[in-house]
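What follows is one structure encoded as structure tokens, with my remarks underneath.
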Amino acid sequence: MAWPCLVLPQWCRTDISLELDQEGVSEYGEPLPLVAYSGKCNYQDKAKTVLTAEKKLVEVTGCALFPGDICPDLSVISGGRAVVHGTERRILQGRKARNMDGSVNYTEVLLI
């Protein structure tokens, strides 16, 4: 049975480059190499004001949506960095939304 794609490719018009961290270490104890992805996404950003003791701080966050699975080699997206609109952001978390048969419908990456 074919499942409808919830993030359609025609909605993805923003260029983005991702470097995703892999979990674990190599046989020599070094971190595993980054997984790179470059393509188009549906990007939405927002800003919120956080009050601190000294002054207020504006924190910009964003959400990038991709149709399908952008990194089938990784079981989870736990961190890394992204470049969107010429600005480098840190990946806070990632989510692979799955269909009932276990296939990935879309990938969501939250940026900070």
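Order determines the names: the first chain of the structure tokens is A, the second B, and so forth; residues in each chain are numbered 1 upward, and ligands are numbered 1 upward as they are shown.
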Counting only C-alpha atoms, which residues of range 27-72 of chain A fall within 10 Å of range 8-22 of chain A, and what is the closest atom pair for each with its distance in Å at one decimal, ordered by chain and rising number, as a tab-separated table?
```
residue	atom	partner	partner_atom	distance
A:Pro31	CA	A:Gln22	CA	7.8
A:Leu32	CA	A:Gln22	CA	5.9
A:Pro33	CA	A:Gln22	CA	6.9
A:Leu34	CA	A:Asp21	CA	5.2
A:Val35	CA	A:Leu20	CA	5.0
A:Ala36	CA	A:Glu19	CA	4.6
A:Tyr37	CA	A:Leu18	CA	5.0
A:Ser38	CA	A:Ser17	CA	4.3
A:Gly39	CA	A:Ile16	CA	5.7
A:Lys40	CA	A:Asp15	CA	4.7
A:Cys41	CA	A:Cys12	CA	4.3
A:Asn42	CA	A:Cys12	CA	4.3
A:Tyr43	CA	A:Thr14	CA	6.4
A:Gln44	CA	A:Thr14	CA	9.6
A:Ala64	CA	A:Ile16	CA	8.7
A:Leu65	CA	A:Cys12	CA	7.9
A:Phe66	CA	A:Cys12	CA	7.3
A:Pro67	CA	A:Leu8	CA	6.2
A:Gly68	CA	A:Leu8	CA	9.4
A:Ile70	CA	A:Leu18	CA	9.9
A:Cys71	CA	A:Leu20	CA	8.8
```
I need the chosen residues saved as a short mmCIF file (atom, residue, chain, number, x, y, z; two decimals), in the first residue's frame, with N, CA and C atoms.
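Generated output (selection28.cif):
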```cif
data_model
loop_
_atom_site.label_atom_id
_atom_site.label_comp_id
_atom_site.auth_asym_id
_atom_site.auth_seq_id
_atom_site.Cartn_x
_atom_site.Cartn_y
_atom_site.Cartn_z
N PRO A 31 35.66 9.94 16.68
CA PRO A 31 34.26 10.09 16.28
C PRO A 31 34.07 9.66 14.83
N LEU A 32 32.91 9.10 14.52
CA LEU A 32 32.62 8.69 13.16
C LEU A 32 32.47 9.92 12.27
N PRO A 33 32.76 9.80 10.97
CA PRO A 33 32.68 10.98 10.09
C PRO A 33 31.25 11.49 9.97
N LEU A 34 31.13 12.77 9.66
CA LEU A 34 29.83 13.40 9.49
C LEU A 34 29.15 12.91 8.22
N VAL A 35 27.84 12.89 8.24
CA VAL A 35 27.04 12.55 7.06
C VAL A 35 26.56 13.87 6.46
N ALA A 36 26.89 14.12 5.20
CA ALA A 36 26.53 15.39 4.56
C ALA A 36 25.29 15.22 3.71
N TYR A 37 24.46 16.26 3.70
CA TYR A 37 23.27 16.32 2.85
C TYR A 37 23.15 17.74 2.34
N SER A 38 22.84 17.87 1.08
CA SER A 38 22.62 19.18 0.47
C SER A 38 21.42 19.05 -0.45
N GLY A 39 20.46 19.95 -0.30
CA GLY A 39 19.27 19.87 -1.13
C GLY A 39 18.27 20.95 -0.79
N LYS A 40 17.00 20.67 -1.05
CA LYS A 40 15.92 21.62 -0.82
C LYS A 40 15.05 21.13 0.34
N CYS A 41 14.47 22.09 1.07
CA CYS A 41 13.60 21.76 2.19
C CYS A 41 12.48 22.79 2.28
N ASN A 42 11.48 22.49 3.08
CA ASN A 42 10.45 23.44 3.46
C ASN A 42 10.91 23.99 4.80
N TYR A 43 11.33 25.26 4.83
CA TYR A 43 11.93 25.83 6.03
C TYR A 43 11.02 26.89 6.63
N GLN A 44 10.80 26.78 7.93
CA GLN A 44 10.01 27.76 8.68
C GLN A 44 10.85 28.17 9.89
N ALA A 64 13.13 22.49 9.55
CA ALA A 64 13.31 22.11 8.15
C ALA A 64 12.62 20.77 7.92
N LEU A 65 11.75 20.72 6.92
CA LEU A 65 11.02 19.50 6.58
C LEU A 65 11.48 18.99 5.22
N PHE A 66 11.71 17.69 5.12
CA PHE A 66 12.19 17.05 3.90
C PHE A 66 11.28 15.89 3.55
N PRO A 67 10.93 15.71 2.28
CA PRO A 67 10.15 14.53 1.91
C PRO A 67 11.04 13.28 1.96
N GLY A 68 10.54 12.22 2.54
CA GLY A 68 11.30 10.97 2.60
C GLY A 68 12.40 10.99 3.64
N ILE A 70 16.25 11.56 4.44
CA ILE A 70 17.44 12.23 3.88
C ILE A 70 18.72 11.50 4.24
N CYS A 71 18.70 10.65 5.26
CA CYS A 71 19.91 9.93 5.66
C CYS A 71 19.53 8.50 6.07
#
```
Original post:
Counting only C-alpha atoms, what is within 10 Å of range 50-62 of chain A, bar same-chain residues fewer than 6 positions away, as a PyMOL selection string?
Top reply: chain A and resi 43-44+84+89-92+109-112
Kindly export the residues of the current selection with all heavy atoms, as a compact mmCIF listing (two decimals), in the first residue's frame.
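That gives us result.txt:
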```txt
# COMPACT_ATOMS: atom_id res chain seq x y z
N TYR A 43 11.33 25.26 4.83
CA TYR A 43 11.93 25.83 6.03
C TYR A 43 11.02 26.89 6.63
O TYR A 43 10.52 27.77 5.94
CB TYR A 43 13.30 26.45 5.69
CG TYR A 43 14.00 27.03 6.89
CD1 TYR A 43 14.58 26.19 7.82
CD2 TYR A 43 14.06 28.39 7.09
CE1 TYR A 43 15.22 26.70 8.94
CE2 TYR A 43 14.70 28.92 8.20
CZ TYR A 43 15.27 28.06 9.12
OH TYR A 43 15.88 28.57 10.22
N GLN A 44 10.80 26.78 7.93
CA GLN A 44 10.01 27.76 8.68
C GLN A 44 10.85 28.17 9.89
O GLN A 44 11.37 27.32 10.60
CB GLN A 44 8.69 27.13 9.18
CG GLN A 44 7.87 26.48 8.10
CD GLN A 44 7.34 27.48 7.10
OE1 GLN A 44 6.96 28.58 7.46
NE2 GLN A 44 7.32 27.10 5.84
N VAL A 84 21.55 27.47 6.33
CA VAL A 84 20.33 27.84 5.63
C VAL A 84 20.27 29.37 5.55
O VAL A 84 20.58 30.05 6.53
CB VAL A 84 19.08 27.24 6.31
CG1 VAL A 84 18.90 27.75 7.72
CG2 VAL A 84 17.84 27.49 5.50
N ARG A 89 23.49 27.18 11.66
CA ARG A 89 22.70 26.88 12.84
C ARG A 89 23.06 25.50 13.35
O ARG A 89 23.56 24.67 12.63
CB ARG A 89 21.21 26.91 12.51
CG ARG A 89 20.76 28.19 11.88
CD ARG A 89 19.69 28.82 12.68
NE ARG A 89 19.39 30.13 12.14
CZ ARG A 89 18.20 30.57 11.94
NH1 ARG A 89 17.17 29.80 12.20
NH2 ARG A 89 18.01 31.78 11.48
N ARG A 90 22.76 25.28 14.62
CA ARG A 90 23.02 23.99 15.26
C ARG A 90 21.75 23.14 15.21
O ARG A 90 20.65 23.65 15.38
CB ARG A 90 23.43 24.22 16.71
CG ARG A 90 23.99 23.03 17.41
CD ARG A 90 24.60 23.42 18.75
NE ARG A 90 23.78 24.33 19.52
CZ ARG A 90 22.91 23.95 20.46
NH1 ARG A 90 22.75 22.66 20.73
NH2 ARG A 90 22.21 24.82 21.13
N ILE A 91 21.91 21.84 14.98
CA ILE A 91 20.76 20.94 14.96
C ILE A 91 20.43 20.55 16.40
O ILE A 91 21.27 19.99 17.10
CB ILE A 91 21.05 19.69 14.10
CG1 ILE A 91 21.23 20.10 12.64
CG2 ILE A 91 19.94 18.67 14.25
CD1 ILE A 91 21.62 18.97 11.72
N LEU A 92 19.23 20.88 16.81
CA LEU A 92 18.77 20.56 18.16
C LEU A 92 18.28 19.11 18.23
O LEU A 92 18.66 18.36 19.12
CB LEU A 92 17.65 21.52 18.57
CG LEU A 92 17.04 21.32 19.93
CD1 LEU A 92 18.08 21.58 21.01
CD2 LEU A 92 15.85 22.24 20.12
N VAL A 109 13.91 18.37 10.94
CA VAL A 109 15.12 18.75 11.67
C VAL A 109 14.84 20.09 12.33
O VAL A 109 14.49 21.07 11.65
CB VAL A 109 16.33 18.85 10.70
CG1 VAL A 109 17.57 19.32 11.44
CG2 VAL A 109 16.59 17.51 10.03
N LEU A 110 15.01 20.15 13.66
CA LEU A 110 14.82 21.38 14.41
C LEU A 110 16.17 22.05 14.62
O LEU A 110 17.13 21.42 15.06
CB LEU A 110 14.15 21.10 15.76
CG LEU A 110 12.76 20.48 15.68
CD1 LEU A 110 12.22 20.20 17.07
CD2 LEU A 110 11.81 21.37 14.93
N LEU A 111 16.23 23.34 14.31
CA LEU A 111 17.48 24.11 14.36
C LEU A 111 17.39 25.18 15.43
O LEU A 111 16.33 25.69 15.74
CB LEU A 111 17.76 24.75 13.01
CG LEU A 111 17.76 23.82 11.80
CD1 LEU A 111 17.87 24.63 10.53
CD2 LEU A 111 18.88 22.82 11.91
N ILE A 112 18.55 25.55 15.96
CA ILE A 112 18.63 26.62 16.95
C ILE A 112 19.82 27.49 16.65
O ILE A 112 20.78 27.07 16.06
CB ILE A 112 18.68 26.03 18.36
CG1 ILE A 112 18.52 27.10 19.40
CG2 ILE A 112 19.94 25.28 18.60
CD1 ILE A 112 18.24 26.56 20.78
```
Original post:
Do you know which residues are at most 7 Å from Ile77 in chain A counting only C-alpha atoms, after dropping those on the same chain fewer than 5 positions away, and could you put them as a ChimeraX atom specification?
Top reply: /A:20,93-95
Non-local contacts of Asn99 in chain A (12 Å; only C-alpha atoms; under 2 positions in same chain excluded) as a PDB file with C-alpha atoms, in the first residue's frame:
```pdb
ATOM      1  CA  MET A   1       0.000   0.000   0.000  1.00  0.00           C
ATOM      2  CA  ALA A   2       1.330   3.437  -0.909  1.00  0.00           C
ATOM      3  CA  TRP A   3       1.173   6.090   1.805  1.00  0.00           C
ATOM      4  CA  PRO A   4       0.582   9.758   0.913  1.00  0.00           C
ATOM      5  CA  CYS A   5       3.646  11.969   1.316  1.00  0.00           C
ATOM      6  CA  LEU A   6       2.903  14.665   3.914  1.00  0.00           C
ATOM      7  CA  GLY A  68      11.298  10.970   2.603  1.00  0.00           C
ATOM      8  CA  ASP A  69      14.458   9.894   4.429  1.00  0.00           C
ATOM      9  CA  LYS A  96      11.890  10.580  11.037  1.00  0.00           C
ATOM     10  CA  ALA A  97       8.103  10.369  10.788  1.00  0.00           C
ATOM     11  CA  ASP A 101       4.719  -0.099   7.328  1.00  0.00           C
ATOM     12  CA  GLY A 102       7.923   1.358   8.854  1.00  0.00           C
ATOM     13  CA  SER A 103       9.041   3.428   5.859  1.00  0.00           C
ATOM     14  CA  VAL A 104       9.944   7.094   6.434  1.00  0.00           C
ATOM     15  CA  ASN A 105       7.300   9.562   5.240  1.00  0.00           C
ATOM     16  CA  TYR A 106       9.236  12.747   5.984  1.00  0.00           C
ATOM     17  CA  THR A 107      12.213  13.982   7.978  1.00  0.00           C
TER      18      THR A 107
END
```
**OP:** Pick out each residue of range 19-64 of chain A that DSSP on the backbone tags as strand (DSSP E); I need them as a PyMOL selection string.
**Re:** chain A and resi 19-20+35-51+56-64
Original post:
Mind pulling up the distance from CA of Glu108 in chain A to CA of Ala47 in chain A?
Top reply: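 It comes out at 18.3 Å.
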Original post:
Which of these, A:Thr49, A:Gly29, A:Glu23, A:Thr87, has the shortest distance to Ser75 in chain A once you count only C-alpha atoms?
Top reply: A:Glu23
Original post:
Quick one, how far is CA of Tyr28 in chain A from CA of Pro72 in chain A?
Top reply: 24.6 Å
**OP:** Would you work out the distance separating CA of Leu74 in chain A from CA of Glu30 in chain A, expressed in Å to one decimal?
**Re:** 17.7 Å
